[in-house]
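Undergrad: Provided below: work.csv, containing CSV, C-alpha atoms and all ligand atoms.
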chain,number,residue,atom,x,y,z
A,84,MET,CA,13.0,34.1,-2.0
A,85,SER,CA,9.7,35.6,-1.5
A,86,GLU,CA,8.1,35.4,-5.0
A,87,GLU,CA,5.0,33.4,-5.5
A,88,ILE,CA,4.8,30.8,-8.3
A,89,ILE,CA,1.0,31.0,-8.4
A,90,THR,CA,-0.1,34.6,-8.9
A,91,ARG,CA,-3.4,34.2,-10.8
A,92,TYR,CA,-5.9,31.4,-10.9
A,93,GLU,CA,-9.5,30.5,-11.3
A,94,TYR,CA,-11.4,27.4,-10.1
A,95,GLU,CA,-14.4,25.4,-10.8
A,96,LEU,CA,-16.3,22.9,-8.7
A,97,ALA,CA,-16.8,19.5,-10.2
A,98,GLU,CA,-19.9,17.7,-8.9
A,99,PRO,CA,-20.4,14.1,-10.1
A,100,PRO,CA,-22.4,14.8,-13.4
A,101,CYS,CA,-25.1,12.3,-12.7
A,102,ALA,CA,-25.3,12.8,-9.0
A,103,PRO,CA,-26.2,16.4,-8.4
A,104,GLY,CA,-26.9,17.1,-4.8
A,105,SER,CA,-24.9,14.1,-3.7
A,106,GLY,CA,-22.7,16.3,-1.6
A,107,ARG,CA,-19.5,15.1,-3.2
A,108,TYR,CA,-17.3,17.5,-5.1
A,109,GLY,CA,-13.8,17.9,-6.5
A,110,VAL,CA,-12.2,21.2,-7.2
A,111,ARG,CA,-10.2,22.1,-10.3
A,112,ILE,CA,-7.9,25.1,-10.1
A,113,ILE,CA,-6.8,26.5,-13.4
A,114,LEU,CA,-3.5,28.3,-13.3
A,115,SER,CA,-2.0,31.0,-15.5
A,116,GLU,CA,1.6,29.8,-15.0
A,117,ASP,CA,3.5,26.5,-15.4
A,118,ILE,CA,4.1,25.4,-11.8
A,119,SER,CA,6.0,22.2,-12.7
A,120,PRO,CA,9.3,23.7,-11.4
A,121,VAL,CA,7.9,23.3,-7.9
A,122,PHE,CA,7.1,19.6,-8.3
A,123,PRO,CA,10.4,18.1,-7.2
A,124,TYR,CA,10.1,20.1,-3.9
A,125,LEU,CA,6.4,19.1,-3.5
A,126,ASN,CA,7.6,15.5,-4.1
A,127,THR,CA,9.8,15.9,-1.0
A,128,VAL,CA,7.2,17.6,1.2
A,129,LEU,CA,4.0,15.7,0.4
A,130,GLU,CA,3.1,12.2,1.5
A,131,ASP,CA,2.4,9.2,-0.7
A,132,THR,CA,3.5,10.9,-3.8
A,133,TYR,CA,3.3,9.5,-7.4
A,134,TYR,CA,5.6,11.5,-9.6
A,135,ASP,CA,6.1,11.5,-13.4
A,136,HIS,CA,8.8,14.1,-14.0
A,137,GLU,CA,8.8,13.9,-17.7
A,138,ASN,CA,5.0,14.3,-18.1
A,139,LYS,CA,4.8,16.8,-15.3
A,140,VAL,CA,2.3,14.9,-13.1
A,141,LEU,CA,2.5,14.8,-9.4
A,142,ILE,CA,-0.1,13.3,-7.0
A,143,GLY,CA,0.3,13.5,-3.3
A,144,ARG,CA,-1.3,14.2,0.1
A,145,GLU,CA,-1.0,16.7,2.8
A,146,GLU,CA,-3.0,16.6,6.0
A,147,ARG,CA,-5.3,13.9,4.5
A,148,ARG,CA,-6.1,16.1,1.5
A,149,GLN,CA,-5.3,14.5,-1.9
A,150,TYR,CA,-3.9,16.7,-4.6
A,151,ALA,CA,-3.2,16.1,-8.3
A,152,PHE,CA,-0.8,18.6,-9.9
A,153,ARG,CA,-0.2,19.1,-13.6
A,154,ALA,CA,1.7,22.0,-15.2
A,155,THR,CA,-1.2,24.5,-15.2
A,156,GLU,CA,-3.8,22.7,-13.1
A,157,ILE,CA,-4.4,21.5,-9.6
A,158,ARG,CA,-7.2,19.1,-8.6
A,159,VAL,CA,-8.2,18.9,-5.0
A,160,ALA,CA,-10.2,15.8,-3.9
A,161,GLY,CA,-12.5,15.2,-1.0
A,162,VAL,CA,-14.4,18.5,-0.8
A,163,ASN,CA,-17.7,17.4,0.9
A,164,GLU,CA,-19.7,20.6,0.5
A,165,ALA,CA,-19.6,23.4,-2.1
A,166,ALA,CA,-19.0,25.8,0.8
A,167,GLN,CA,-15.7,24.1,1.5
A,168,ALA,CA,-14.3,24.8,-1.9
A,169,PRO,CA,-12.9,28.4,-1.4
A,170,GLU,CA,-10.9,27.3,1.6
A,171,ALA,CA,-9.7,24.1,-0.2
A,172,VAL,CA,-8.5,26.2,-3.1
A,173,ARG,CA,-6.8,28.8,-0.8
A,174,ASN,CA,-5.0,26.0,1.0
A,175,ALA,CA,-3.8,24.4,-2.2
A,176,VAL,CA,-2.4,27.7,-3.6
A,177,LYS,CA,-0.9,28.5,-0.2
A,178,LEU,CA,0.8,25.1,-0.1
A,179,VAL,CA,2.4,25.5,-3.5
A,180,ASN,CA,3.5,29.1,-2.9
A,181,ARG,CA,4.9,28.2,0.5
A,182,VAL,CA,6.9,25.2,-0.8
A,183,TRP,CA,8.2,27.4,-3.7
A,184,GLN,CA,9.3,30.2,-1.3
A,185,GLU,CA,11.0,27.7,1.0
A,186,ARG,CA,12.7,25.7,-1.9
A,187,ALA,CA,16.2,26.8,-0.8
A,188,THR,CA,15.7,24.8,2.3
A,189,ILE,CA,14.1,21.7,0.7
A,190,LYS,CA,16.1,19.0,-1.0
A,191,PRO,CA,14.3,18.4,-4.3
A,192,SER,CA,13.4,14.8,-5.0
A,193,PHE,CA,13.2,13.5,-8.6
A,194,THR,CA,12.4,10.1,-7.4
A,195,GLU,CA,9.5,8.7,-9.3
A,196,ARG,CA,7.0,6.3,-7.9
A,197,LYS,CA,5.0,4.6,-10.5
A,198,LEU,CA,1.3,5.2,-10.7
A,199,PRO,CA,-0.9,2.1,-10.8
A,200,THR,CA,-1.6,1.2,-14.4
A,201,ALA,CA,-5.0,2.0,-16.1
A,202,ILE,CA,-5.6,-1.8,-16.1
A,203,ASP,CA,-4.9,-2.1,-12.4
A,204,ILE,CA,-7.5,0.6,-11.7
A,205,TYR,CA,-10.0,-0.7,-14.3
A,206,ARG,CA,-10.0,-4.1,-12.7
A,207,HIS,CA,-11.6,-2.6,-9.6
A,208,LEU,CA,-14.1,-0.3,-11.3
A,209,PRO,CA,-17.8,-1.4,-11.7
A,210,LYS,CA,-17.0,-2.1,-15.4
A,211,THR,CA,-20.6,-1.2,-16.6
A,212,ASN,CA,-19.5,1.5,-19.0
A,213,CYS,CA,-22.5,3.4,-17.7
A,214,ARG,CA,-21.0,6.8,-18.7
A,215,GLN,CA,-22.1,8.6,-15.5
A,216,CYS,CA,-18.6,9.9,-15.3
A,217,ASP,CA,-18.9,11.5,-18.7
A,218,TYR,CA,-16.3,9.2,-20.2
A,219,SER,CA,-17.2,6.6,-22.8
A,220,THR,CA,-15.9,3.6,-20.9
A,221,CYS,CA,-14.6,2.6,-17.5
A,222,LEU,CA,-11.2,2.0,-19.1
A,223,VAL,CA,-11.0,5.6,-20.4
A,224,PHE,CA,-12.0,6.8,-16.9
A,225,ALA,CA,-9.3,4.6,-15.4
A,226,SER,CA,-6.7,6.0,-17.7
A,227,GLU,CA,-7.7,9.6,-16.9
A,228,LEU,CA,-7.9,8.9,-13.1
A,229,ARG,CA,-4.4,7.5,-13.2
A,230,THR,CA,-2.9,10.9,-14.0
A,231,GLY,CA,-5.2,13.0,-12.0
A,232,LYS,CA,-7.3,14.4,-14.8
A,233,CYS,CA,-10.5,13.2,-13.1
A,234,MET,CA,-11.4,12.2,-9.6
A,235,LEU,CA,-12.9,9.1,-8.0
A,236,GLU,CA,-15.9,11.1,-7.0
A,237,GLN,CA,-16.9,11.3,-10.7
A,238,CYS,CA,-17.9,7.7,-10.7
A,239,PRO,CA,-21.1,7.7,-8.7
A,240,PRO,CA,-21.6,3.8,-8.8
A,241,LEU,CA,-18.3,3.4,-6.9
A,242,PHE,CA,-19.9,5.1,-3.9
A,243,LEU,CA,-22.9,2.7,-3.8
A,244,GLN,CA,-22.8,0.3,-0.8
A,245,GLU,CA,-22.4,-2.7,-3.1
A,246,ASN,CA,-19.1,-1.3,-4.4
A,247,THR,CA,-17.5,-0.4,-1.1
A,248,ALA,CA,-14.8,-3.0,-1.5
A,249,ARG,CA,-13.9,-1.8,-5.0
A,250,LEU,CA,-13.7,1.8,-3.7
A,251,GLU,CA,-11.4,0.8,-0.9
A,252,THR,CA,-9.1,-1.2,-3.2
A,253,ILE,CA,-8.8,1.7,-5.6
A,254,ARG,CA,-8.1,4.1,-2.7
A,255,LYS,CA,-5.4,1.7,-1.5
A,256,LEU,CA,-3.8,1.7,-5.0
A,257,PHE,CA,-3.5,5.5,-4.7
A,258,ALA,CA,-2.8,5.4,-0.9
A,259,ILE,CA,-5.8,7.6,-0.3
A,260,GLU,CA,-7.2,7.1,3.2
B,1,LIG,S1,-16.1,4.6,-14.4
B,1,LIG,FE1,-17.9,4.5,-13.2
B,1,LIG,S2,-19.3,6.1,-14.0
B,1,LIG,FE2,-17.7,5.8,-15.5
B,1,LIG,S3,-18.5,4.3,-16.9
B,1,LIG,FE3,-17.4,3.1,-15.4
B,1,LIG,S4,-18.9,2.6,-13.8
B,1,LIG,FE4,-19.8,4.2,-15.0
Take the structure I supplied and represent it as structure tokens, if you would.
Ligand code: SF4
TA:
Amino acid sequence: MSEEIITRYEYELAEPPCAPGSGRYGVRIILSEDISPVFPYLNTVLEDTYYDHENKVLIGREERRQYAFRATEIRVAGVNEAAQAPEAVRNAVKLVNRVWQERATIKPSFTERKLPTAIDIYRHLPKTNCRQCDYSTCLVFASELRTGKCMLEQCPPLFLQENTARLETIRKLFAIE
């Protein structure tokens, strides 16, 4: 099995909208193909996974890098400088293609681990509805964060010193170190 499941993609760098120059980024990789068939294998290989098979959402870690996979999109968190983005993208694509190519040797896992609820996340957000994340309320942000459609880095207030405890608690909810 040598075929690649990802053959074409583009990516964009997402800087927190109201914190340009903050040095925090997330990367969104837009895919041409539906990669959800690889999710049960990634669910076996990755650490700390959250998997919703029906809705084709998988969140997990490899080597301290947090990924959120959807059918035609991958989000990569924790890119500290724009210059790191190309390598982070290459590694994400390589990871998916490698697991797909090795799938005959990997026992697929359909075990689902529930994501924290939007309310669980919301409870620990700053709850100011300041919209710096580009969402209308903290609850909407929580709901999108839950399924990997946005990233923690998009909420600049969370990274203020006064919100360190909140940030740590949310990271624990998602098992992000
Ligand atoms: S989630 Fe963060 S950035 Fe978004 S509205 Fe709430 S406090 Fe503001």
Undergrad: Can you tell me how far CA of Tyr124 in chain A sits from CA of Trp183 in chain A, in Å to one decimal?
TA: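 Separation of CA of Tyr124 in chain A and CA of Trp183 in chain A: 7.5 Å.
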Undergrad: Find, counting all atoms listed in the file, the residue in A:Arg229, A:Arg158, A:His136, A:Arg173 that gets nearest to Leu96 in chain A.
TA: A:Arg158
Undergrad: Please determine, counting only C-alpha atoms, which residue among A:Val110, A:Leu125, A:Gln237, A:Thr230 has the shortest atom-to-atom distance to Asn138 in chain A.
TA: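 For Asn138 in chain A, the nearest of the candidates is A:Thr230.
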Undergrad: Got a sec to check which residues lie within 10 Å of ligand LIG 1 (chain B), using only C-alpha atoms and all ligand atoms, and send them as number ranges by chain?
TA: A: 99-101, 204-205, 207-225, 228, 235-242
Undergrad: Go ahead and compute the interatomic distance for CA of Pro191 in chain A and CA of Asn126 in chain A, in Å to one decimal.
TA: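 If I compute the distance from CA of Pro191 in chain A to CA of Asn126 in chain A, I get 7.3 Å.
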Undergrad: Just checking: using all atoms listed in the file, which residue out of A:Glu170, A:Asp117, A:Glu185, A:Glu195 ends up closest to Phe152 in chain A?
TA: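 Residue with the minimum atom-to-atom distance to Phe152 in chain A: A:Asp117.
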Undergrad: Return the single residue from A:Ser226, A:Ile113, A:Val121, A:Phe193 that is closest to Asn180 in chain A, with distances computed using only C-alpha atoms.
TA: A:Val121
Undergrad: Excluding Glu146 in chain A and its own-chain neighbours fewer than 5 positions away, which residues fall within 12 Å of it when counting all atoms listed in the file? Please give them as a PDB file with C-alpha atoms, keeping the file's coordinate frame.
TA:
ATOM      1  CA  VAL A 128       7.200  17.600   1.200  1.00  0.00           C
ATOM      2  CA  LEU A 129       4.000  15.700   0.400  1.00  0.00           C
ATOM      3  CA  GLU A 130       3.100  12.200   1.500  1.00  0.00           C
ATOM      4  CA  ASP A 131       2.400   9.200  -0.700  1.00  0.00           C
ATOM      5  CA  GLY A 161     -12.500  15.200  -1.000  1.00  0.00           C
ATOM      6  CA  ALA A 171      -9.700  24.100  -0.200  1.00  0.00           C
ATOM      7  CA  ASN A 174      -5.000  26.000   1.000  1.00  0.00           C
ATOM      8  CA  ALA A 175      -3.800  24.400  -2.200  1.00  0.00           C
ATOM      9  CA  LEU A 178       0.800  25.100  -0.100  1.00  0.00           C
ATOM     10  CA  ILE A 259      -5.800   7.600  -0.300  1.00  0.00           C
ATOM     11  CA  GLU A 260      -7.200   7.100   3.200  1.00  0.00           C
TER      12      GLU A 260
END
Undergrad: Using CA of Ala97 in chain A and CA of Ile157 in chain A as the two end points, give the distance in Å to one decimal.
TA: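 Result for CA of Ala97 in chain A versus CA of Ile157 in chain A: 12.6 Å, one decimal.
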Undergrad: Within 8 Å of (2.4, 9.4, -2.0) (coordinates as in the file), grab all the protein and nucleic acid residues, counting all atoms listed in the file, and write them out as an mmCIF file with C-alpha atoms, keeping the file's coordinate frame.
TA:
data_model
loop_
_atom_site.group_PDB
_atom_site.id
_atom_site.type_symbol
_atom_site.label_atom_id
_atom_site.label_comp_id
_atom_site.auth_asym_id
_atom_site.auth_seq_id
_atom_site.Cartn_x
_atom_site.Cartn_y
_atom_site.Cartn_z
ATOM 1 C CA LEU A 129 4.000 15.700 0.400
ATOM 2 C CA GLU A 130 3.100 12.200 1.500
ATOM 3 C CA ASP A 131 2.400 9.200 -0.700
ATOM 4 C CA THR A 132 3.500 10.900 -3.800
ATOM 5 C CA TYR A 133 3.300 9.500 -7.400
ATOM 6 C CA ILE A 142 -0.100 13.300 -7.000
ATOM 7 C CA GLY A 143 0.300 13.500 -3.300
ATOM 8 C CA ARG A 144 -1.300 14.200 0.100
ATOM 9 C CA PHE A 257 -3.500 5.500 -4.700
ATOM 10 C CA ALA A 258 -2.800 5.400 -0.900
#
Undergrad: In file coordinates, which residues lie within 12 Å of (-10.1, 37.6, -11.3) using all atoms listed in the file, given as a list in words?
TA: Thr90, Arg91, Tyr92, Glu93, Tyr94, Ile113, Leu114 and Ser115 of chain A
Undergrad: Emit the selected residues as a PDB file, keeping the file's coordinate frame, including C-alpha atoms.
TA:
ATOM      1  CA  THR A  90      -0.100  34.600  -8.900  1.00  0.00           C
ATOM      2  CA  ARG A  91      -3.400  34.200 -10.800  1.00  0.00           C
ATOM      3  CA  TYR A  92      -5.900  31.400 -10.900  1.00  0.00           C
ATOM      4  CA  GLU A  93      -9.500  30.500 -11.300  1.00  0.00           C
ATOM      5  CA  TYR A  94     -11.400  27.400 -10.100  1.00  0.00           C
ATOM      6  CA  ILE A 113      -6.800  26.500 -13.400  1.00  0.00           C
ATOM      7  CA  LEU A 114      -3.500  28.300 -13.300  1.00  0.00           C
ATOM      8  CA  SER A 115      -2.000  31.000 -15.500  1.00  0.00           C
TER       9      SER A 115
END
Undergrad: Pick out the closest residue to Ala154 in chain A from this set: A:Thr188, A:Thr127, A:Gln167, A:Ser119. Count only C-alpha atoms.
TA: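 Ranked by minimum distance to Ala154 in chain A, first place goes to A:Ser119.
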Undergrad: Would you mind telling me which residue in A:Ile118, A:Ile89, A:Ile112, A:Ala151 lies nearest to Lys232 in chain A when using only C-alpha atoms?
TA: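 Checking each candidate against Lys232 in chain A, we get A:Ala151 as the closest.
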